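Q: As input, take target09.cif (mmCIF, N, CA and C atoms):
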```cif
data_upload
#
loop_
_atom_site.label_atom_id
_atom_site.label_comp_id
_atom_site.auth_asym_id
_atom_site.auth_seq_id
_atom_site.Cartn_x
_atom_site.Cartn_y
_atom_site.Cartn_z
N VAL T 1 -219.53 150.89 -18.24
CA VAL T 1 -218.15 150.59 -18.60
C VAL T 1 -217.59 149.55 -17.63
N ILE T 2 -216.88 148.57 -18.17
CA ILE T 2 -216.23 147.59 -17.32
C ILE T 2 -214.72 147.64 -17.53
N GLN T 3 -214.03 147.22 -16.50
CA GLN T 3 -212.57 147.13 -16.53
C GLN T 3 -212.21 145.66 -16.42
N ILE T 4 -211.37 145.18 -17.32
CA ILE T 4 -210.95 143.79 -17.30
C ILE T 4 -209.44 143.78 -17.08
N THR T 5 -208.99 143.08 -16.04
CA THR T 5 -207.57 143.01 -15.73
C THR T 5 -207.11 141.55 -15.73
N ASN T 6 -205.82 141.37 -15.56
CA ASN T 6 -205.18 140.06 -15.55
C ASN T 6 -205.33 139.37 -16.91
N ILE T 7 -205.18 140.15 -17.97
CA ILE T 7 -205.27 139.64 -19.33
C ILE T 7 -203.88 139.23 -19.79
N ALA T 8 -203.78 138.09 -20.42
CA ALA T 8 -202.51 137.59 -20.93
C ALA T 8 -201.88 138.62 -21.90
N PRO T 9 -200.56 138.78 -21.85
CA PRO T 9 -199.90 139.78 -22.70
C PRO T 9 -200.09 139.54 -24.20
N GLN T 10 -200.31 138.30 -24.60
CA GLN T 10 -200.46 138.02 -26.02
C GLN T 10 -201.89 138.21 -26.53
N ALA T 11 -202.82 138.56 -25.65
CA ALA T 11 -204.21 138.78 -26.04
C ALA T 11 -204.32 139.96 -26.99
N THR T 12 -205.24 139.85 -27.94
CA THR T 12 -205.44 140.93 -28.91
C THR T 12 -206.80 141.59 -28.70
N ARG T 13 -206.94 142.75 -29.32
CA ARG T 13 -208.19 143.49 -29.26
C ARG T 13 -209.32 142.65 -29.87
N ASP T 14 -209.03 141.99 -30.99
CA ASP T 14 -210.05 141.16 -31.65
C ASP T 14 -210.50 140.00 -30.75
N GLN T 15 -209.56 139.40 -30.03
CA GLN T 15 -209.93 138.31 -29.12
C GLN T 15 -210.83 138.81 -27.99
N MET T 16 -210.51 139.98 -27.45
CA MET T 16 -211.34 140.55 -26.39
C MET T 16 -212.74 140.88 -26.93
N HIS T 17 -212.77 141.40 -28.15
CA HIS T 17 -214.05 141.74 -28.77
C HIS T 17 -214.89 140.48 -28.97
N SER T 18 -214.26 139.40 -29.39
CA SER T 18 -214.99 138.13 -29.58
C SER T 18 -215.50 137.58 -28.25
N LEU T 19 -214.67 137.65 -27.23
CA LEU T 19 -215.04 137.11 -25.92
C LEU T 19 -216.25 137.84 -25.33
N PHE T 20 -216.22 139.17 -25.37
CA PHE T 20 -217.30 139.94 -24.75
C PHE T 20 -218.41 140.31 -25.73
N GLY T 21 -218.15 140.20 -27.02
CA GLY T 21 -219.18 140.49 -28.02
C GLY T 21 -220.32 139.50 -28.00
N ASN T 22 -220.07 138.32 -27.43
CA ASN T 22 -221.14 137.33 -27.29
C ASN T 22 -222.15 137.72 -26.23
N ILE T 23 -221.78 138.63 -25.35
CA ILE T 23 -222.66 139.07 -24.26
C ILE T 23 -223.59 140.19 -24.74
N GLY T 24 -223.04 141.09 -25.54
CA GLY T 24 -223.82 142.23 -26.02
C GLY T 24 -223.02 143.03 -27.03
N LYS T 25 -223.69 143.97 -27.68
CA LYS T 25 -223.02 144.80 -28.68
C LYS T 25 -222.07 145.78 -27.98
N ILE T 26 -220.86 145.84 -28.48
CA ILE T 26 -219.82 146.68 -27.89
C ILE T 26 -219.76 148.02 -28.60
N GLU T 27 -219.82 149.10 -27.81
CA GLU T 27 -219.71 150.45 -28.36
C GLU T 27 -218.24 150.83 -28.55
N ASP T 28 -217.41 150.52 -27.54
CA ASP T 28 -215.99 150.87 -27.61
C ASP T 28 -215.20 149.89 -26.74
N LEU T 29 -213.99 149.58 -27.17
CA LEU T 29 -213.12 148.66 -26.46
C LEU T 29 -211.69 149.17 -26.59
N ARG T 30 -211.01 149.27 -25.46
CA ARG T 30 -209.61 149.72 -25.47
C ARG T 30 -208.76 148.73 -24.68
N LEU T 31 -207.72 148.23 -25.31
CA LEU T 31 -206.82 147.27 -24.71
C LEU T 31 -205.47 147.94 -24.50
N TYR T 32 -205.01 147.96 -23.24
CA TYR T 32 -203.75 148.63 -22.89
C TYR T 32 -202.77 147.63 -22.28
N PRO T 33 -201.48 147.80 -22.37
CA PRO T 33 -200.82 148.78 -23.23
C PRO T 33 -201.06 148.46 -24.70
N SER T 34 -201.19 149.52 -25.48
CA SER T 34 -201.50 149.34 -26.90
C SER T 34 -200.25 149.05 -27.72
N ILE T 35 -199.09 149.34 -27.19
CA ILE T 35 -197.85 149.12 -27.91
C ILE T 35 -197.57 147.62 -28.01
N ARG T 36 -197.36 147.15 -29.22
CA ARG T 36 -197.04 145.74 -29.45
C ARG T 36 -195.58 145.66 -29.92
N ASP T 37 -194.66 145.82 -28.99
CA ASP T 37 -193.23 145.82 -29.29
C ASP T 37 -192.58 144.65 -28.57
N ALA T 38 -191.95 143.76 -29.32
CA ALA T 38 -191.36 142.55 -28.73
C ALA T 38 -190.25 142.87 -27.74
N SER T 39 -189.65 144.05 -27.86
CA SER T 39 -188.56 144.41 -26.95
C SER T 39 -189.08 144.90 -25.59
N VAL T 40 -190.39 145.17 -25.50
CA VAL T 40 -190.99 145.63 -24.25
C VAL T 40 -191.67 144.45 -23.57
N GLN T 41 -191.22 144.14 -22.36
CA GLN T 41 -191.77 143.01 -21.61
C GLN T 41 -193.08 143.43 -20.93
N ILE T 42 -194.16 142.76 -21.25
CA ILE T 42 -195.47 143.05 -20.66
C ILE T 42 -195.91 141.81 -19.88
N LYS T 43 -196.23 142.00 -18.61
CA LYS T 43 -196.67 140.87 -17.78
C LYS T 43 -198.17 140.63 -17.91
N ALA T 44 -198.94 141.68 -18.12
CA ALA T 44 -200.39 141.54 -18.27
C ALA T 44 -200.92 142.79 -18.97
N ARG T 45 -202.09 142.65 -19.53
CA ARG T 45 -202.75 143.78 -20.18
C ARG T 45 -204.06 144.05 -19.45
N CYS T 46 -204.66 145.21 -19.73
CA CYS T 46 -205.97 145.54 -19.18
C CYS T 46 -206.85 146.06 -20.32
N CYS T 47 -208.13 145.99 -20.11
CA CYS T 47 -209.08 146.38 -21.13
C CYS T 47 -210.23 147.17 -20.49
N PHE T 48 -210.68 148.18 -21.20
CA PHE T 48 -211.86 148.93 -20.79
C PHE T 48 -212.87 148.79 -21.91
N LEU T 49 -214.10 148.46 -21.55
CA LEU T 49 -215.09 148.11 -22.54
C LEU T 49 -216.43 148.77 -22.21
N LYS T 50 -217.06 149.31 -23.23
CA LYS T 50 -218.36 149.95 -23.05
C LYS T 50 -219.36 149.27 -23.99
N PHE T 51 -220.44 148.76 -23.41
CA PHE T 51 -221.51 148.15 -24.19
C PHE T 51 -222.50 149.22 -24.63
N ILE T 52 -223.16 148.98 -25.75
CA ILE T 52 -224.20 149.91 -26.22
C ILE T 52 -225.35 149.92 -25.22
N ASP T 53 -225.73 148.74 -24.73
CA ASP T 53 -226.82 148.61 -23.77
C ASP T 53 -226.24 148.37 -22.38
N SER T 54 -226.46 149.31 -21.46
CA SER T 54 -225.89 149.20 -20.11
C SER T 54 -226.48 148.03 -19.32
N ASP T 55 -227.61 147.49 -19.75
CA ASP T 55 -228.20 146.32 -19.07
C ASP T 55 -227.32 145.08 -19.22
N THR T 56 -226.34 145.14 -20.10
CA THR T 56 -225.43 144.01 -20.33
C THR T 56 -224.36 143.93 -19.24
N LEU T 57 -224.13 145.02 -18.52
CA LEU T 57 -223.05 145.05 -17.52
C LEU T 57 -223.13 143.94 -16.48
N PRO T 58 -224.27 143.70 -15.84
CA PRO T 58 -224.30 142.64 -14.82
C PRO T 58 -223.89 141.27 -15.37
N LEU T 59 -224.28 140.98 -16.58
CA LEU T 59 -223.91 139.70 -17.19
C LEU T 59 -222.40 139.64 -17.43
N ALA T 60 -221.82 140.74 -17.89
CA ALA T 60 -220.38 140.79 -18.15
C ALA T 60 -219.57 140.57 -16.88
N LEU T 61 -220.08 141.05 -15.75
CA LEU T 61 -219.37 140.88 -14.49
C LEU T 61 -219.23 139.41 -14.10
N HIS T 62 -220.12 138.58 -14.59
CA HIS T 62 -220.05 137.14 -14.32
C HIS T 62 -218.90 136.46 -15.07
N MET T 63 -218.22 137.21 -15.93
CA MET T 63 -217.07 136.65 -16.66
C MET T 63 -215.82 136.61 -15.78
N THR T 64 -215.87 137.20 -14.59
CA THR T 64 -214.73 137.14 -13.67
C THR T 64 -214.37 135.68 -13.42
N ASN T 65 -213.09 135.41 -13.38
CA ASN T 65 -212.51 134.08 -13.18
C ASN T 65 -212.63 133.16 -14.39
N THR T 66 -213.09 133.70 -15.52
CA THR T 66 -213.08 132.93 -16.76
C THR T 66 -211.64 132.81 -17.21
N VAL T 67 -211.19 131.59 -17.47
CA VAL T 67 -209.82 131.41 -17.94
C VAL T 67 -209.77 131.77 -19.42
N PHE T 68 -208.95 132.76 -19.72
CA PHE T 68 -208.79 133.26 -21.08
C PHE T 68 -207.31 133.21 -21.42
N ILE T 69 -206.96 132.44 -22.40
CA ILE T 69 -205.60 132.12 -22.82
C ILE T 69 -204.91 131.32 -21.72
N ASP T 70 -204.28 131.98 -20.74
CA ASP T 70 -203.57 131.21 -19.72
C ASP T 70 -203.82 131.69 -18.30
N ARG T 71 -204.82 132.52 -18.11
CA ARG T 71 -205.09 133.05 -16.76
C ARG T 71 -206.55 133.47 -16.60
N ALA T 72 -206.97 133.56 -15.36
CA ALA T 72 -208.35 133.95 -15.05
C ALA T 72 -208.46 135.48 -15.09
N ILE T 73 -209.35 135.97 -15.93
CA ILE T 73 -209.53 137.43 -16.02
C ILE T 73 -210.37 137.93 -14.85
N ILE T 74 -210.22 139.21 -14.56
CA ILE T 74 -210.98 139.87 -13.49
C ILE T 74 -211.80 140.98 -14.14
N VAL T 75 -213.11 140.93 -13.96
CA VAL T 75 -214.01 141.92 -14.56
C VAL T 75 -214.67 142.71 -13.44
N GLN T 76 -214.55 144.04 -13.52
CA GLN T 76 -215.12 144.92 -12.50
C GLN T 76 -215.81 146.10 -13.17
N PRO T 77 -216.81 146.66 -12.51
CA PRO T 77 -217.40 147.90 -13.06
C PRO T 77 -216.39 149.03 -12.97
N PHE T 78 -216.40 149.89 -13.95
CA PHE T 78 -215.53 151.07 -13.95
C PHE T 78 -216.42 152.28 -13.75
N VAL T 79 -216.34 152.87 -12.56
CA VAL T 79 -217.33 153.85 -12.13
C VAL T 79 -217.22 155.22 -12.81
N ASN T 80 -216.12 155.51 -13.44
CA ASN T 80 -215.97 156.84 -14.06
C ASN T 80 -216.94 157.05 -15.22
N GLY T 81 -217.42 155.98 -15.83
CA GLY T 81 -218.42 156.11 -16.89
C GLY T 81 -217.86 156.27 -18.28
N ASP T 82 -216.70 156.87 -18.42
CA ASP T 82 -216.07 157.03 -19.73
C ASP T 82 -214.84 156.16 -19.81
N LEU T 83 -214.48 155.77 -21.03
CA LEU T 83 -213.28 154.98 -21.20
C LEU T 83 -212.06 155.87 -20.99
N PRO T 84 -211.11 155.45 -20.17
CA PRO T 84 -209.94 156.28 -19.91
C PRO T 84 -208.93 156.22 -21.06
N ASP T 85 -208.06 157.23 -21.11
CA ASP T 85 -206.95 157.16 -22.06
C ASP T 85 -205.95 156.12 -21.55
N GLU T 86 -204.93 155.84 -22.33
CA GLU T 86 -204.03 154.74 -21.98
C GLU T 86 -203.31 154.98 -20.66
N TRP T 87 -202.80 156.16 -20.44
CA TRP T 87 -202.06 156.46 -19.21
C TRP T 87 -202.94 156.28 -17.98
N SER T 88 -204.12 156.88 -18.01
CA SER T 88 -205.05 156.77 -16.87
C SER T 88 -205.53 155.33 -16.70
N GLY T 89 -205.80 154.66 -17.81
CA GLY T 89 -206.28 153.29 -17.76
C GLY T 89 -205.29 152.35 -17.10
N LEU T 90 -204.02 152.52 -17.43
CA LEU T 90 -203.00 151.66 -16.81
C LEU T 90 -202.86 151.96 -15.33
N GLU T 91 -203.00 153.23 -14.94
CA GLU T 91 -202.96 153.58 -13.52
C GLU T 91 -204.13 152.94 -12.77
N PHE T 92 -205.34 153.04 -13.33
CA PHE T 92 -206.52 152.43 -12.69
C PHE T 92 -206.33 150.92 -12.58
N ALA T 93 -205.86 150.29 -13.64
CA ALA T 93 -205.69 148.83 -13.65
C ALA T 93 -204.64 148.40 -12.63
N ASN T 94 -203.55 149.14 -12.54
CA ASN T 94 -202.51 148.79 -11.56
C ASN T 94 -203.01 148.94 -10.14
N SER T 95 -203.80 149.97 -9.87
CA SER T 95 -204.32 150.15 -8.51
C SER T 95 -205.34 149.06 -8.19
N ALA T 96 -206.14 148.65 -9.16
CA ALA T 96 -207.12 147.58 -8.95
C ALA T 96 -206.40 146.25 -8.72
N GLN T 97 -205.33 146.02 -9.45
CA GLN T 97 -204.56 144.79 -9.31
C GLN T 97 -203.94 144.73 -7.92
N ALA T 98 -203.42 145.84 -7.43
CA ALA T 98 -202.79 145.90 -6.12
C ALA T 98 -203.82 145.62 -5.01
N ARG T 99 -205.06 146.11 -5.18
CA ARG T 99 -206.10 145.89 -4.18
C ARG T 99 -206.53 144.42 -4.14
N SER T 100 -206.48 143.74 -5.29
CA SER T 100 -206.95 142.35 -5.33
C SER T 100 -205.90 141.36 -4.83
N GLU T 101 -204.66 141.79 -4.67
CA GLU T 101 -203.61 140.86 -4.21
C GLU T 101 -203.51 140.82 -2.71
#
```
So that I can check it, write out the structure of this file as C-alpha cells.
A:
Amino acid sequence: VIQITNIAPQATRDQMHSLFGNIGKIEDLRLYPSIRDASVQIKARCCFLKFIDSDTLPLALHMTNTVFIDRAIIVQPFVNGDLPDEWSGLEFANSAQARSE
C-alpha cells in the first residue's frame, strides 16, 4: 500500500487511477477527502492505493516529485498494509505532511 499526498484539490479518482495504473494493476484506490462540495475549501487531497502485485511498490515510489496538475506529489509506503478509512487516512496524511515540512 502506498500513500500519496500533496494532491491538487481538483484531482479525481479517475485521474489518480490513470496516473498509477500505468505502473501496475490497482486492487483498490481511495482518494480523500471524498466529499466534492464547492462550499468546502480543500487545500490538498491524499490517496491510498493498493496494487495487486506488491512488486510494483518500489516503482510507484519513484513517482515522488512528479508534477501532477499543479504540484509535486509525494509517494510513500504505507506500513499498516490495509487501506485506511477516510478519517484515519486524513490523520495519517496530515501527520506525514507535517513531518515533510
Q: Can you sort out the box for region 2-14 of chain T, edges along x, y and z, all listed atoms in, 8 Å on every side, with centre and edge lengths in Å to one decimal, as lines of an AutoDock Vina configuration file?
A:
```
center_x = -208.4
center_y = 143.1
center_z = -23.6
size_x = 33.0
size_y = 27.0
size_z = 32.1
```
Q: Would you give me, as an NGL selection string, the residues in region 17-52 of chain T that DSSP reads as strand (DSSP E or B)?
A: :T and (26-32 or 45-51)
Q: Using DSSP secondary structure from the backbone, list all alpha helix (DSSP H) positions within chain T, as a PyMOL selection string.
A: chain T and resi 13-21+57-61+86-100
Q: Between T:Met16, T:Ala60, T:Cys46, T:Ile69, which has the minimum distance to Pro33 (chain T) (counting all atoms listed in the file)?
A: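 Comparing T:Met16, T:Ala60, T:Cys46, T:Ile69 against Pro33 (chain T), the winner is T:Cys46.
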Q: I need the residue nearest Ile42 (chain T) from this list: T:Asn65, T:Asn80, T:Asn6, T:Thr56. Use only C-alpha atoms for the distance.
A: T:Asn6
Q: Selected by the PyMOL selection byres ((chain T and resi 32) around 5) in the shown coordinates: which residues, as a ChimeraX atom specification?
A: /T:30-31,33-34,45-47
Q: Between CA of Leu49 (chain T) and CA of Val67 (chain T), measure the distance and give it in Å to one decimal.
A: 18.1 Å
Q: Which of these residues is nearest to Lys25 (chain T), using all atoms listed in the file: T:Ile2, T:Lys50, T:Gln76, T:Ala8?
A: T:Lys50
Q: When you draw a straight line from CA of Ile52 (chain T) to CA of Arg71 (chain T), how long is it in Å?
A: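 Going from CA of Ile52 (chain T) over to CA of Arg71 (chain T) covers 27.2 Å.
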Q: Can you work out the spacing between atom C of Phe48 (chain T) and atom C of Asn22 (chain T) in Å, to one decimal?
A: 15.1 Å
Q: Taking the file above as input, evaluate the PyMOL selection byres ((chain T and resi 7) around 6.5) and report the hits as a ChimeraX atom specification.
A: /T:4-6,8-11,43-46,72-74
Q: Considering all atoms listed in the file, can you say which of T:Asp28, T:Thr12, T:Thr66, T:His17 comes closest to Leu83 (chain T)?
A: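 Under the stated criterion, the closest residue is T:Asp28.
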Q: Which of these residues is nearest to Met63 (chain T), using only C-alpha atoms: T:Gly21, T:Asp82, T:Val75, T:Ile35?
A: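 Checking each candidate against Met63 (chain T), we get T:Val75 as the closest.
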